Structure formats: structure tokens, C-alpha cells
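The structure under discussion appears below in the form of C-alpha cells.
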Amino acid sequence: MDPGPAAAGGAGEEGPSASSTPDDPPPPLAPTAPPAQPQQPLSRYESQKRRDWNTFLQYLRNHRPPLSLARCSGAHVIEFLKYLDQFGKTRVHAPGCTHFGLPNPPAPCACPLKQAWGSLDALIGRLRAAYDENDGRPESNPFGAKAVGIYLREVKANQAKARGIPYEKKRKRKRLPGTAPVEGSSAGGGEATVAGAFSSSAASEGSSAPPTSS
């Protein structure tokens with residue numbers, strides 16, 4: 001027998017398998033990060049609440065002596081509200097003014113401008129919520145102190161007499177299912193946004209004349 005061809009054939013079959021290498025698998029694809037979700041813009045209320053909170057913190061830093069949030073009490077909140085009167089736009093007539101008690105004075109007078117009661121009431125509501133959201137304990141919330149509520153009621157009564165505008169809580173009208181709410185039916189609905197007028201001014205000018213705690 002001639003083993004040559006068989007041997008040659010066998011060698012020929014083994015050669016390619018011994019010298020060839022399998023193709024390398026493709027590298028795994030890097031995981032793609034999910035597209036960033038667009039940040040939802042803050043509502044008008046949330047934006048105003050944030051500005052008011054930053055204004056109050058700036059006021060505490062400029063206080064003489066500096067005051068920490070943990071040591072803030074209802075008395076300091078009332079101090080803050082009185083301080084904001086310098087940025088007010090509501091004319092409050094003094095008892096000796098000839099326009100005292102007139103809702104529509106016929107001429108201007110020199111009585112001071114102050115923050116309207118509705119603006120202060122809305123401001124305290126936003127700051128009270130902001131305090132709770134910033135890890136504050138509800139039981140120690142200075143904006144919910146009894147003294148602050150008494151002060152707001154006094155401001156409300158005094159401004160009602162001085163301006164001749166009684167502040168009466170409007171009754172909510174019952175509406176049928178499927179109907180839109182009546183515009184202006186909520187009490188004090190238009191006053192909440194007025195408080196934003198002093199936010200930026202108070203933050204930038206707060207260091208000029210913050211009251212000194214006695």
C-alpha cells in the first residue's frame with residue numbers, strides 16, 4: 001500500500017484547522033444612559049415660596065447679632081414683618097389723618113406705606129410651609145406661633161379701620177358638578193402674589209437696616 005496520498009490528504013485536512021483561529025467576538029456595547037428627563041418648571045407658588053424663604057434666611061444672616069434658624073421665634077418673625085413694611089405699597093392712614101377710614105381718598109397724604117395685610121398673611125403661609133419642607137419640626141415652627149397670628153389679626157383690624165375696607169371672609173359658593181369655579185370666589189385669592197414685590201428688594205437691601213434684637 002502507498003500511504004503517501006492518505007498521509008498527504010490527512011496532513012492537508014489538519015493544516016487549516018490547526019493554523020486558523022476563530023474570529024474574536026465583537027466587544028459588548030457600552031450601556032447608554034437614559035436621556036435626562038427635562039426638569040419640570042416650578043409653579044408660580046413654589047417659585048415665590050423659594051424666593052421668600054431665601055429672603056428670610058438672608059434676613060437672619062444680616063440680623064444683629066446674627067440669628068440662626070434654630071433660635072428663631074415668633075417674636076423674630078414679627079420683627080421681620082415689621083421690617084418689610086419699608087417695602088410696602090399700601091397707604092395706611094393714621095388716626096389723625098383727614099382720610100382715615102375713607103376707602104377712596106380725594107387727595108394724597110403723607111401717611112406711611114406698609115405691607116397690606118393680605119400680602120403678609122399669604123407670606124406667612126408660604127414661609128410656614130417652607131419651614132416644614134426644610135426639615136423643620138412642625139411643633140417648633142415660628143411662623144405658626146400664636147403671637148404671629150395675633151399680630152396678623154391686629155394688622156388686619158387696623159388696616160380695615162384706616163382704609164375703610166372691611167375684610168370679610170367670602171362664602172364659598174356651591175357649584176354643580178362639571179362647572180368651572182366662579183372667578184374671585186375664594187377669599188383673598190388676589191393678594192398672595194403681591195408679597196413677591198419685596199422679595200428681591202429685601203434680599204439685596206436687608207443688610208442696610210435689619211432690626212437689632214433686644
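Every chain in the C-alpha cells takes a letter, A first, then B, and so on in the order presented; its residues are numbered from 1, and the ligands are numbered from 1 following the presented order.
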*Using the chain letters and numbers from this document, which residues of region 51-165 of chain A does DSSP assign to helix (DSSP H, G or I), as a ChimeraX atom specification?*
/A:51-62,69-71,74-87,117-133,138-140,142-144,146-163
*In region 40-173 of chain A, what's strand (DSSP E) per DSSP? Answer as a PyMOL selection string?*
chain A and resi 90-91+113-114
*If we count only C-alpha atoms, what is near region 146-151 of chain A at a cut-off of 8 Å, once residues fewer than 3 positions away on the same chain are taken out, given as a PyMOL selection string?*
chain A and resi 74-75+77-78+143+154-155
*Any idea what the distance is between CA of Tyr59 (chain A) and CA of Gln159 (chain A)?*
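Distance between the two atoms: 25.4 Å.
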*Between CA of Thr98 (chain A) and CA of Arg163 (chain A), measure the distance and give it in Å to one decimal.*
11.5 Å
*Nearest to Asp52 (chain A) among A:Pro142, A:Pro106, A:Gly125, A:Gly136, with distances taken over only C-alpha atoms: which residue is it?*
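Checking each of A:Pro142, A:Pro106, A:Gly125, A:Gly136 against Asp52 (chain A), counting only C-alpha atoms, the winner is A:Gly125.
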*What separation in Å, quoted to one decimal, exists between CA of Ile124 (chain A) and CA of Ala162 (chain A)?*
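For CA of Ile124 (chain A) relative to CA of Ala162 (chain A), the distance reads 22.4 Å.
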*Would you list the contacts of Ala130 (chain A) as a list in words, taking every protein, DNA or RNA residue within 10 Å and counting only C-alpha atoms, but skipping same-chain residues closer than 2 positions in sequence?*
Glu46, Lys49, Arg50, Asp52, Trp53, Asn54, Ile124, Gly125, Arg126, Leu127, Arg128, Asp132, Glu133, Asn134, Asp135, Gly136 and Phe143 of chain A
Could you dump the residues just selected with N, CA and C atoms as a tab-separated table (two decimals), in the first residue's frame?
chain	number	residue	atom	x	y	z
A	46	GLU	N	-44.58	77.80	44.04
A	46	GLU	CA	-43.33	77.22	44.51
A	46	GLU	C	-42.17	78.18	44.29
A	49	LYS	N	-42.47	80.85	46.92
A	49	LYS	CA	-42.12	80.31	48.24
A	49	LYS	C	-40.61	80.21	48.40
A	50	ARG	N	-39.93	79.78	47.35
A	50	ARG	CA	-38.47	79.67	47.42
A	50	ARG	C	-37.83	81.04	47.59
A	52	ASP	N	-39.19	83.72	48.92
A	52	ASP	CA	-39.49	84.21	50.27
A	52	ASP	C	-38.60	83.54	51.31
A	53	TRP	N	-38.38	82.24	51.14
A	53	TRP	CA	-37.54	81.50	52.10
A	53	TRP	C	-36.10	82.01	52.06
A	54	ASN	N	-35.57	82.23	50.86
A	54	ASN	CA	-34.21	82.75	50.73
A	54	ASN	C	-34.10	84.16	51.30
A	124	ILE	N	-46.74	84.57	55.30
A	124	ILE	CA	-46.57	83.67	56.45
A	124	ILE	C	-46.98	82.25	56.07
A	125	GLY	N	-48.01	82.10	55.27
A	125	GLY	CA	-48.43	80.77	54.83
A	125	GLY	C	-47.33	80.08	54.03
A	126	ARG	N	-46.68	80.81	53.14
A	126	ARG	CA	-45.62	80.21	52.34
A	126	ARG	C	-44.39	79.89	53.20
A	127	LEU	N	-44.02	80.79	54.10
A	127	LEU	CA	-42.85	80.54	54.94
A	127	LEU	C	-43.10	79.40	55.92
A	128	ARG	N	-44.32	79.28	56.38
A	128	ARG	CA	-44.65	78.17	57.28
A	128	ARG	C	-44.48	76.84	56.56
A	132	ASP	N	-41.41	73.73	57.17
A	132	ASP	CA	-41.68	72.30	57.32
A	132	ASP	C	-40.94	71.48	56.26
A	133	GLU	N	-40.81	72.03	55.05
A	133	GLU	CA	-40.14	71.30	53.98
A	133	GLU	C	-38.63	71.26	54.14
A	134	ASN	N	-38.08	72.14	54.96
A	134	ASN	CA	-36.63	72.19	55.17
A	134	ASN	C	-36.26	71.57	56.51
A	135	ASP	N	-36.85	70.43	56.80
A	135	ASP	CA	-36.53	69.62	57.98
A	135	ASP	C	-36.82	70.33	59.29
A	136	GLY	N	-37.74	71.26	59.25
A	136	GLY	CA	-38.12	71.91	60.50
A	136	GLY	C	-39.20	71.10	61.21
A	143	PHE	N	-43.32	80.37	62.40
A	143	PHE	CA	-44.33	81.06	61.59
A	143	PHE	C	-45.75	80.66	61.99
_Selected residue, from A:Ala70, A:Leu42, A:Leu152, A:Leu57, that lies nearest to Ser119 (chain A) when counting only C-alpha atoms_ =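 Counting only C-alpha atoms, the residue closest to Ser119 (chain A) is A:Leu152.
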*When distances are computed from only C-alpha atoms, which of A:Lys161, A:Arg137, A:Arg61, A:Arg153 shows the smallest separation from Ala94 (chain A)?*
A:Lys161
